[in-house]
$ cat entry.cif   # mmCIF, C-alpha atoms
data_protein
#
loop_
_atom_site.group_PDB
_atom_site.id
_atom_site.type_symbol
_atom_site.label_atom_id
_atom_site.label_comp_id
_atom_site.auth_asym_id
_atom_site.auth_seq_id
_atom_site.Cartn_x
_atom_site.Cartn_y
_atom_site.Cartn_z
ATOM 1 C CA MET A 2 -193.340 14.719 90.869
ATOM 2 C CA THR A 3 -193.043 11.563 88.768
ATOM 3 C CA ASP A 4 -189.389 12.002 87.765
ATOM 4 C CA LYS A 5 -186.848 11.184 90.485
ATOM 5 C CA ARG A 6 -184.311 13.689 89.140
ATOM 6 C CA ILE A 7 -184.118 17.027 90.921
ATOM 7 C CA GLY A 8 -181.888 20.075 90.776
ATOM 8 C CA LEU A 9 -180.510 21.981 93.751
ATOM 9 C CA VAL A 10 -178.965 25.441 93.658
ATOM 10 C CA ALA A 11 -176.617 25.427 96.653
ATOM 11 C CA GLY A 12 -175.771 28.663 98.423
ATOM 12 C CA TYR A 13 -174.192 29.367 101.805
ATOM 13 C CA GLY A 14 -174.463 27.236 104.934
ATOM 14 C CA ALA A 15 -175.390 23.714 105.972
ATOM 15 C CA PHE A 16 -178.963 23.776 104.629
ATOM 16 C CA PRO A 17 -177.985 22.718 101.064
ATOM 17 C CA LEU A 18 -176.102 19.736 102.517
ATOM 18 C CA GLU A 19 -178.984 18.743 104.780
ATOM 19 C CA LEU A 20 -181.562 19.154 102.026
ATOM 20 C CA ALA A 21 -179.470 17.256 99.482
ATOM 21 C CA GLN A 22 -179.198 14.313 101.889
ATOM 22 C CA THR A 23 -182.941 14.462 102.595
ATOM 23 C CA LEU A 24 -183.676 14.373 98.854
ATOM 24 C CA LYS A 25 -181.325 11.409 98.455
ATOM 25 C CA ASN A 26 -183.182 9.657 101.276
ATOM 26 C CA HIS A 27 -186.402 10.230 99.315
ATOM 27 C CA GLY A 28 -184.876 8.413 96.363
ATOM 28 C CA PHE A 29 -183.977 11.419 94.224
ATOM 29 C CA THR A 30 -180.940 11.767 92.027
ATOM 30 C CA VAL A 31 -179.646 15.193 93.046
ATOM 31 C CA HIS A 32 -177.921 17.443 90.508
ATOM 32 C CA VAL A 33 -176.378 20.502 92.138
ATOM 33 C CA ALA A 34 -175.415 23.886 90.762
ATOM 34 C CA ALA A 35 -173.147 25.144 93.554
ATOM 35 C CA ILE A 36 -172.534 28.884 93.879
ATOM 36 C CA GLU A 37 -168.747 29.375 93.835
ATOM 37 C CA GLU A 38 -168.839 32.397 96.136
ATOM 38 C CA GLU A 39 -171.024 30.719 98.765
ATOM 39 C CA ALA A 40 -171.405 26.932 98.712
ATOM 40 C CA ASN A 41 -169.610 24.454 100.966
ATOM 41 C CA LYS A 42 -167.367 22.052 99.022
ATOM 42 C CA ASP A 43 -168.776 19.216 101.135
ATOM 43 C CA ILE A 44 -171.787 19.274 98.804
ATOM 44 C CA GLU A 45 -169.664 17.161 96.447
ATOM 45 C CA ARG A 46 -169.814 14.298 98.977
ATOM 46 C CA VAL A 47 -173.606 14.267 99.039
ATOM 47 C CA ALA A 48 -174.884 15.137 95.563
ATOM 48 C CA ASP A 49 -174.838 12.870 92.527
ATOM 49 C CA THR A 50 -173.359 15.602 90.339
ATOM 50 C CA VAL A 51 -172.037 19.089 91.151
ATOM 51 C CA THR A 52 -171.355 21.920 88.730
ATOM 52 C CA TRP A 53 -169.783 25.077 90.143
ATOM 53 C CA VAL A 54 -171.306 28.317 88.861
ATOM 54 C CA SER A 55 -170.536 31.912 89.740
ATOM 55 C CA VAL A 56 -173.140 34.472 90.787
ATOM 56 C CA GLY A 57 -174.506 35.876 87.529
ATOM 57 C CA GLN A 58 -173.999 32.723 85.452
ATOM 58 C CA ILE A 59 -177.683 32.034 84.860
ATOM 59 C CA LYS A 60 -177.122 30.479 81.426
ATOM 60 C CA LYS A 61 -174.642 27.993 82.912
ATOM 61 C CA LEU A 62 -177.142 27.165 85.663
ATOM 62 C CA ILE A 63 -179.834 26.419 83.073
ATOM 63 C CA LYS A 64 -177.412 24.439 80.893
ATOM 64 C CA THR A 65 -176.447 22.325 83.915
ATOM 65 C CA MET A 66 -180.061 21.405 84.595
ATOM 66 C CA LYS A 67 -180.788 20.713 80.931
ATOM 67 C CA THR A 68 -177.704 18.469 80.672
ATOM 68 C CA HIS A 69 -179.165 16.244 83.395
ATOM 69 C CA ASP A 70 -182.772 16.450 82.120
ATOM 70 C CA VAL A 71 -183.836 18.247 85.301
ATOM 71 C CA THR A 72 -187.263 19.906 85.174
ATOM 72 C CA ASP A 73 -187.657 20.701 88.889
ATOM 73 C CA LEU A 74 -185.197 22.414 91.204
ATOM 74 C CA ILE A 75 -184.929 23.902 94.673
ATOM 75 C CA PHE A 76 -182.919 26.876 95.898
ATOM 76 C CA ALA A 77 -181.185 26.239 99.230
ATOM 77 C CA GLY A 78 -178.848 28.465 101.181
ATOM 78 C CA LYS A 79 -178.260 32.193 101.107
ATOM 79 C CA VAL A 80 -176.576 34.016 98.254
ATOM 80 C CA GLN A 81 -175.588 37.442 99.494
ATOM 81 C CA LYS A 82 -176.865 40.288 97.344
ATOM 82 C CA VAL A 83 -173.665 42.192 98.105
ATOM 83 C CA HIS A 84 -172.051 40.158 95.294
ATOM 84 C CA LEU A 85 -173.876 42.468 92.886
ATOM 85 C CA PHE A 86 -171.379 45.136 93.909
ATOM 86 C CA ARG A 87 -168.218 43.020 94.124
ATOM 87 C CA ASN A 88 -166.619 42.003 90.810
ATOM 88 C CA PHE A 89 -170.044 40.996 89.506
ATOM 89 C CA LYS A 90 -169.831 39.742 85.913
ATOM 90 C CA PRO A 91 -173.317 38.770 84.713
ATOM 91 C CA ASP A 92 -173.760 36.716 81.578
ATOM 92 C CA LEU A 93 -176.112 38.017 78.886
ATOM 93 C CA LEU A 94 -179.185 36.368 80.417
ATOM 94 C CA ALA A 95 -178.412 37.711 83.907
ATOM 95 C CA ALA A 96 -177.859 41.180 82.443
ATOM 96 C CA LYS A 97 -181.218 40.943 80.663
ATOM 97 C CA ILE A 98 -182.941 39.978 83.924
ATOM 98 C CA LEU A 99 -181.358 42.955 85.717
ATOM 99 C CA MET A 100 -182.554 45.326 83.002
ATOM 100 C CA GLN A 101 -186.114 44.000 83.060
ATOM 101 C CA ILE A 102 -186.826 43.904 86.806
ATOM 102 C CA LYS A 103 -188.355 46.978 88.453
ATOM 103 C CA ASP A 104 -185.772 47.239 91.264
ATOM 104 C CA LYS A 105 -182.995 45.285 92.982
ATOM 105 C CA THR A 106 -184.928 43.970 95.985
ATOM 106 C CA ASP A 107 -184.482 40.298 96.858
ATOM 107 C CA ASP A 108 -187.959 39.381 95.628
ATOM 108 C CA SER A 109 -187.544 41.203 92.306
ATOM 109 C CA LEU A 110 -184.180 39.550 91.653
ATOM 110 C CA MET A 111 -185.372 36.067 92.549
ATOM 111 C CA LEU A 112 -188.647 36.360 90.647
ATOM 112 C CA GLY A 113 -186.661 37.428 87.604
ATOM 113 C CA ILE A 114 -184.460 34.343 87.902
ATOM 114 C CA VAL A 115 -187.476 32.088 88.512
ATOM 115 C CA LYS A 116 -189.141 33.411 85.347
ATOM 116 C CA ALA A 117 -185.968 32.789 83.314
ATOM 117 C CA LEU A 118 -185.895 29.193 84.580
ATOM 118 C CA GLU A 119 -189.597 28.653 83.930
ATOM 119 C CA ASP A 120 -189.183 29.985 80.389
ATOM 120 C CA LYS A 121 -186.782 27.084 79.858
ATOM 121 C CA GLY A 122 -189.199 24.534 81.304
ATOM 122 C CA ILE A 123 -187.673 24.334 84.787
ATOM 123 C CA THR A 124 -190.037 24.621 87.760
ATOM 124 C CA VAL A 125 -188.730 26.113 91.017
ATOM 125 C CA ARG A 126 -190.225 24.290 93.989
ATOM 126 C CA SER A 127 -190.743 25.278 97.628
ATOM 127 C CA GLN A 128 -187.681 25.247 99.877
ATOM 128 C CA VAL A 129 -189.672 23.514 102.612
ATOM 129 C CA GLU A 130 -191.455 20.898 100.493
ATOM 130 C CA PHE A 131 -189.052 18.221 101.708
ATOM 131 C CA ALA A 132 -187.967 19.975 104.896
ATOM 132 C CA HIS A 133 -191.123 20.313 107.009
ATOM 133 C CA ASP A 134 -189.402 18.629 109.958
ATOM 134 C CA LEU A 135 -186.858 21.468 110.037
ATOM 135 C CA LEU A 136 -189.452 24.192 110.681
ATOM 136 C CA ALA A 137 -189.407 25.797 114.133
ATOM 137 C CA GLY A 138 -192.243 25.166 116.549
ATOM 138 C CA GLU A 139 -193.699 27.605 119.091
ATOM 139 C CA GLY A 140 -192.424 28.422 122.555
ATOM 140 C CA HIS A 141 -189.067 27.807 124.221
ATOM 141 C CA LEU A 142 -187.056 25.616 121.832
ATOM 142 C CA PHE A 143 -183.409 25.383 122.910
ATOM 143 C CA GLY A 144 -180.983 26.821 125.434
ATOM 144 C CA PRO A 145 -181.883 28.259 128.851
ATOM 145 C CA GLU A 146 -185.371 29.475 129.664
ATOM 146 C CA PRO A 147 -185.818 33.054 128.402
ATOM 147 C CA THR A 148 -186.091 35.821 130.958
ATOM 148 C CA GLU A 149 -189.101 38.117 131.196
ATOM 149 C CA GLN A 150 -187.113 40.915 129.520
ATOM 150 C CA MET A 151 -186.091 38.651 126.661
ATOM 151 C CA LEU A 152 -189.733 37.768 126.036
ATOM 152 C CA LYS A 153 -190.694 41.447 126.184
ATOM 153 C CA ASP A 154 -188.024 42.301 123.629
ATOM 154 C CA ILE A 155 -189.102 39.446 121.361
ATOM 155 C CA LYS A 156 -192.744 40.525 121.564
ATOM 156 C CA PHE A 157 -191.735 44.128 120.888
ATOM 157 C CA GLY A 158 -189.409 43.200 118.027
ATOM 158 C CA PHE A 159 -191.734 40.874 116.142
ATOM 159 C CA PRO A 160 -193.951 43.532 114.481
ATOM 160 C CA GLN A 161 -190.900 45.735 113.901
ATOM 161 C CA ALA A 162 -189.117 42.919 112.075
ATOM 162 C CA LYS A 163 -192.280 42.101 110.137
ATOM 163 C CA ALA A 164 -192.448 45.717 108.986
ATOM 164 C CA ILE A 165 -188.941 45.770 107.499
ATOM 165 C CA ALA A 166 -189.471 42.304 106.029
ATOM 166 C CA GLY A 167 -192.627 43.566 104.353
ATOM 167 C CA LEU A 168 -190.560 46.303 102.717
ATOM 168 C CA ASP A 169 -188.057 43.648 101.522
ATOM 169 C CA ILE A 170 -185.222 45.358 103.408
ATOM 170 C CA GLY A 171 -184.228 42.449 105.665
ATOM 171 C CA GLN A 172 -185.704 39.858 108.007
ATOM 172 C CA THR A 173 -183.762 40.424 111.220
ATOM 173 C CA ILE A 174 -183.597 43.153 113.847
ATOM 174 C CA VAL A 175 -181.585 43.476 117.063
ATOM 175 C CA VAL A 176 -183.329 44.727 120.213
ATOM 176 C CA LYS A 177 -182.531 45.670 123.812
ATOM 177 C CA GLY A 178 -184.878 47.129 126.401
ATOM 178 C CA GLU A 179 -187.667 47.399 123.816
ATOM 179 C CA ALA A 180 -185.541 49.597 121.541
ATOM 180 C CA VAL A 181 -184.261 48.654 118.081
ATOM 181 C CA LEU A 182 -180.448 48.676 117.921
ATOM 182 C CA ALA A 183 -179.898 47.392 114.377
ATOM 183 C CA VAL A 184 -181.859 46.490 111.268
ATOM 184 C CA GLU A 185 -180.648 43.976 108.700
ATOM 185 C CA ALA A 186 -180.233 45.237 105.147
ATOM 186 C CA ILE A 187 -177.925 44.162 102.319
ATOM 187 C CA GLU A 188 -175.042 43.355 104.708
ATOM 188 C CA GLY A 189 -176.830 40.240 106.002
ATOM 189 C CA THR A 190 -177.902 38.783 109.335
ATOM 190 C CA ASP A 191 -174.485 38.275 110.917
ATOM 191 C CA GLU A 192 -173.324 41.837 110.302
ATOM 192 C CA ALA A 193 -176.582 43.244 111.699
ATOM 193 C CA ILE A 194 -176.129 41.087 114.819
ATOM 194 C CA LYS A 195 -172.538 42.294 115.246
ATOM 195 C CA ARG A 196 -173.586 45.934 114.887
ATOM 196 C CA GLY A 197 -176.499 45.640 117.307
ATOM 197 C CA GLY A 198 -174.469 43.625 119.784
ATOM 198 C CA ALA A 199 -171.707 46.232 119.781
ATOM 199 C CA LEU A 200 -174.241 48.909 120.657
ATOM 200 C CA GLY A 201 -176.056 46.901 123.349
ATOM 201 C CA GLN A 202 -172.902 45.220 124.715
ATOM 202 C CA LYS A 203 -174.778 42.456 126.579
ATOM 203 C CA ASP A 204 -178.245 40.962 127.153
ATOM 204 C CA VAL A 205 -179.202 41.778 123.558
ATOM 205 C CA THR A 206 -182.018 39.980 121.719
ATOM 206 C CA VAL A 207 -182.316 39.110 118.038
ATOM 207 C CA VAL A 208 -185.641 38.710 116.212
ATOM 208 C CA LYS A 209 -185.849 36.945 112.840
ATOM 209 C CA VAL A 210 -189.057 36.602 110.802
ATOM 210 C CA ALA A 211 -190.447 35.641 107.416
ATOM 211 C CA LYS A 212 -191.792 38.222 105.003
ATOM 212 C CA PRO A 213 -195.539 38.848 105.392
ATOM 213 C CA ASN A 214 -196.155 37.241 101.995
ATOM 214 C CA GLN A 215 -193.198 34.865 102.048
ATOM 215 C CA ASP A 216 -192.579 33.052 98.772
ATOM 216 C CA PRO A 217 -191.587 29.539 99.900
ATOM 217 C CA ARG A 218 -189.368 29.101 96.842
ATOM 218 C CA PHE A 219 -186.679 31.434 98.151
ATOM 219 C CA ASP A 220 -185.491 33.491 101.142
ATOM 220 C CA VAL A 221 -187.244 31.301 103.725
ATOM 221 C CA PRO A 222 -185.588 32.392 107.003
ATOM 222 C CA ALA A 223 -183.152 29.903 108.484
ATOM 223 C CA MET A 224 -180.841 29.735 111.449
ATOM 224 C CA GLY A 225 -177.955 27.481 112.284
ATOM 225 C CA VAL A 226 -174.954 27.179 114.552
ATOM 226 C CA GLY A 227 -173.161 30.063 112.814
ATOM 227 C CA THR A 228 -175.869 32.496 113.880
ATOM 228 C CA LEU A 229 -175.521 31.428 117.518
ATOM 229 C CA GLU A 230 -171.744 31.777 117.404
ATOM 230 C CA THR A 231 -172.064 35.294 115.988
ATOM 231 C CA MET A 232 -174.596 36.153 118.684
ATOM 232 C CA ALA A 233 -172.384 34.853 121.495
ATOM 233 C CA ALA A 234 -169.401 36.838 120.220
ATOM 234 C CA SER A 235 -171.574 39.971 120.027
ATOM 235 C CA GLY A 236 -173.230 39.911 123.460
ATOM 236 C CA CYS A 237 -176.597 38.579 122.294
ATOM 237 C CA SER A 238 -178.284 36.115 124.620
ATOM 238 C CA ALA A 239 -181.678 35.357 123.010
ATOM 239 C CA ILE A 240 -183.290 34.993 119.608
ATOM 240 C CA GLY A 241 -186.951 34.912 118.658
ATOM 241 C CA ILE A 242 -187.739 33.186 115.372
ATOM 242 C CA GLU A 243 -191.045 32.888 113.569
ATOM 243 C CA ALA A 244 -192.660 29.519 114.259
ATOM 244 C CA GLY A 245 -193.734 27.501 111.231
ATOM 245 C CA GLN A 246 -191.716 29.777 108.947
ATOM 246 C CA THR A 247 -188.079 29.394 110.041
ATOM 247 C CA LEU A 248 -185.799 26.488 109.156
ATOM 248 C CA LEU A 249 -183.680 25.111 111.995
ATOM 249 C CA ILE A 250 -180.498 23.789 110.411
ATOM 250 C CA GLU A 251 -178.725 20.826 112.057
ATOM 251 C CA LYS A 252 -181.216 20.721 114.922
ATOM 252 C CA ASP A 253 -179.229 18.495 117.276
ATOM 253 C CA LYS A 254 -176.084 20.573 116.867
ATOM 254 C CA LEU A 255 -178.157 23.724 117.244
ATOM 255 C CA ALA A 256 -179.594 22.503 120.562
ATOM 256 C CA GLU A 257 -176.143 21.574 121.893
ATOM 257 C CA THR A 258 -174.650 24.902 120.850
ATOM 258 C CA ALA A 259 -177.507 26.943 122.348
ATOM 259 C CA LYS A 260 -176.985 25.154 125.678
ATOM 260 C CA HIS A 261 -173.211 25.554 125.537
ATOM 261 C CA LEU A 262 -173.343 29.264 124.616
ATOM 262 C CA ASN A 263 -176.217 29.996 127.017
ATOM 263 C CA ILE A 264 -178.486 31.400 124.305
ATOM 264 C CA SER A 265 -182.280 31.117 124.492
ATOM 265 C CA ILE A 266 -184.118 30.227 121.273
ATOM 266 C CA VAL A 267 -187.839 30.976 121.215
ATOM 267 C CA GLY A 268 -190.409 30.230 118.497
ATOM 268 C CA ILE A 269 -193.052 32.933 118.116
#

$ encode --input "entry.cif" --output "structure tokens"
Amino acid sequence: MTDKRIGLVAGYGAFPLELAQTLKNHGFTVHVAAIEEEANKDIERVADTVTWVSVGQIKKLIKTMKTHDVTDLIFAGKVQKVHLFRNFKPDLLAAKILMQIKDKTDDSLMLGIVKALEDKGITVRSQVEFAHDLLAGEGHLFGPEPTEQMLKDIKFGFPQAKAIAGLDIGQTIVVKGEAVLAVEAIEGTDEAIKRGGALGQKDVTVVKVAKPNQDPRFDVPAMGVGTLETMAASGCSAIGIEAGQTLLIEKDKLAETAKHLNISIVGI
């Protein structure tokens, strides 16, 4: 990249904030399109400009980037697909994308949006291009040492999670005693953890992976403090995440929280 202007589409969580600051540290002027239904208002403290757009306002997103002469952008943070079924009011371009895609899987939706952006001369870049230091390593990462049963459940759950991820259903499963308690779908990671934890009651393990052919421009798996808090409240005591493919958000805070909540984090 020769131009030091960059766009950022900010969804849920701390990752957009962390990435925006990283981009600023690299000397970029950061122009944000913040998703009204998801983004943290603190993004206004970090970015150079922020325009608030609703889910389905693709034309406004493009106009925002064009206004600031942005030709490259990054998606950061989750936008829950459930918004498609809750007072969703797509603009004409979003409606056109929905009519043209083959189905409503995450990949189909995002590839449709990426194509619409590229048609207007805007390139969508990898989510991890400027965030390599956030990727999880292998082995025991944070929290107490995992027990033998936790490691068994993680090993058991990894191919199971990969299978549902390959079908573009979700990227997280909940396991206990080498049995699957819950599978993430449209409801999202936290709700799957709550459901699985309620069934297992205690000593439950979560496994989170990337898709087999993960597109680094969107849906790269990430975990932060919120995931650990949901796990602790649901009786989950360990999580296995895919090494080299999962973003660890606010690492220092994540390490402190894992220790405080007695949750083992393992990179696999």

$ atom_distance --input "entry.cif" --atom1 "atom CA of Asn263 of chain A" --atom2 "atom CA of Ala239 of chain A"
8.6 Å

$ axis_aligned_box --input "entry.cif" --around "segment 72-78 of chain A" --padding-each-side "8 Å" --output "JSON"
{"center_x": -183.3, "center_y": 24.2, "center_z": 93.2, "size_x": 24.8, "size_y": 24.6, "size_z": 32.0}

$ residues_around --input "entry.cif" --residues "Ala137 of chain A" --least-positions-apart "4" --cutoff "8 Å" --atoms "all atoms listed in the file" --output "JSON, numbers by chain"
{"A": [242, 243, 244, 245, 246, 247, 248, 249, 268]}

$ atom_distance --input "entry.cif" --atom1 "atom CA of Leu9 of chain A" --atom2 "atom CA of Asp120 of chain A"
17.8 Å

$ residues_around --input "entry.cif" --residues "Val175 of chain A" --least-positions-apart "3" --cutoff "12 Å" --atoms "all atoms listed in the file" --output "ChimeraX atom specification"
/A:151,154-155,157-159,161-162,171-172,178-185,190-210,232,235-241

$ resolve_selection --input "entry.cif" --expression "the PyMOL selection byres ((chain A and resi 7) around 8)" --output "MDAnalysis selection string"
chainID A and resid 4:6 8:9 29:32 71:75

$ build_atoms --input "entry.cif" --residues "segment 92-115 of chain A" --atoms "N, CA and C atoms" --output "CSV table (one decimal), in the frame of the given file"
chain,number,residue,atom,x,y,z
A,92,ASP,N,-173.7,37.1,83.0
A,92,ASP,CA,-173.8,36.7,81.6
A,92,ASP,C,-174.9,37.5,80.9
A,93,LEU,N,-175.1,37.2,79.6
A,93,LEU,CA,-176.1,38.0,78.9
A,93,LEU,C,-177.5,37.8,79.4
A,94,LEU,N,-177.8,36.6,79.9
A,94,LEU,CA,-179.2,36.4,80.4
A,94,LEU,C,-179.4,37.1,81.8
A,95,ALA,N,-178.3,37.0,82.6
A,95,ALA,CA,-178.4,37.7,83.9
A,95,ALA,C,-178.5,39.2,83.7
A,96,ALA,N,-177.8,39.7,82.7
A,96,ALA,CA,-177.9,41.2,82.4
A,96,ALA,C,-179.3,41.6,82.0
A,97,LYS,N,-179.9,40.7,81.2
A,97,LYS,CA,-181.2,40.9,80.7
A,97,LYS,C,-182.2,41.0,81.8
A,98,ILE,N,-182.1,40.0,82.8
A,98,ILE,CA,-182.9,40.0,83.9
A,98,ILE,C,-182.8,41.3,84.7
A,99,LEU,N,-181.6,41.7,84.9
A,99,LEU,CA,-181.4,43.0,85.7
A,99,LEU,C,-182.0,44.2,85.0
A,100,MET,N,-182.0,44.2,83.7
A,100,MET,CA,-182.6,45.3,83.0
A,100,MET,C,-184.1,45.3,83.0
A,101,GLN,N,-184.7,44.1,83.2
A,101,GLN,CA,-186.1,44.0,83.1
A,101,GLN,C,-186.8,44.1,84.4
A,102,ILE,N,-186.1,43.8,85.5
A,102,ILE,CA,-186.8,43.9,86.8
A,102,ILE,C,-187.0,45.4,87.2
A,103,LYS,N,-188.0,45.6,88.1
A,103,LYS,CA,-188.4,47.0,88.5
A,103,LYS,C,-187.4,47.6,89.4
A,104,ASP,N,-186.7,46.8,90.3
A,104,ASP,CA,-185.8,47.2,91.3
A,104,ASP,C,-184.9,46.1,91.6
A,105,LYS,N,-184.0,46.3,92.6
A,105,LYS,CA,-183.0,45.3,93.0
A,105,LYS,C,-183.3,44.7,94.3
A,106,THR,N,-184.6,44.7,94.8
A,106,THR,CA,-184.9,44.0,96.0
A,106,THR,C,-184.8,42.5,95.8
A,107,ASP,N,-184.7,41.7,96.9
A,107,ASP,CA,-184.5,40.3,96.9
A,107,ASP,C,-185.6,39.6,96.0
A,108,ASP,N,-186.8,40.0,96.3
A,108,ASP,CA,-188.0,39.4,95.6
A,108,ASP,C,-187.9,39.6,94.1
A,109,SER,N,-187.6,40.9,93.7
A,109,SER,CA,-187.5,41.2,92.3
A,109,SER,C,-186.5,40.4,91.6
A,110,LEU,N,-185.3,40.3,92.2
A,110,LEU,CA,-184.2,39.6,91.7
A,110,LEU,C,-184.5,38.1,91.5
A,111,MET,N,-185.1,37.5,92.6
A,111,MET,CA,-185.4,36.1,92.5
A,111,MET,C,-186.5,35.7,91.6
A,112,LEU,N,-187.5,36.6,91.6
A,112,LEU,CA,-188.6,36.4,90.6
A,112,LEU,C,-188.2,36.5,89.2
A,113,GLY,N,-187.2,37.3,88.9
A,113,GLY,CA,-186.7,37.4,87.6
A,113,GLY,C,-185.9,36.2,87.2
A,114,ILE,N,-185.2,35.6,88.2
A,114,ILE,CA,-184.5,34.3,87.9
A,114,ILE,C,-185.4,33.2,87.7
A,115,VAL,N,-186.5,33.1,88.6
A,115,VAL,CA,-187.5,32.1,88.5
A,115,VAL,C,-188.2,32.1,87.1
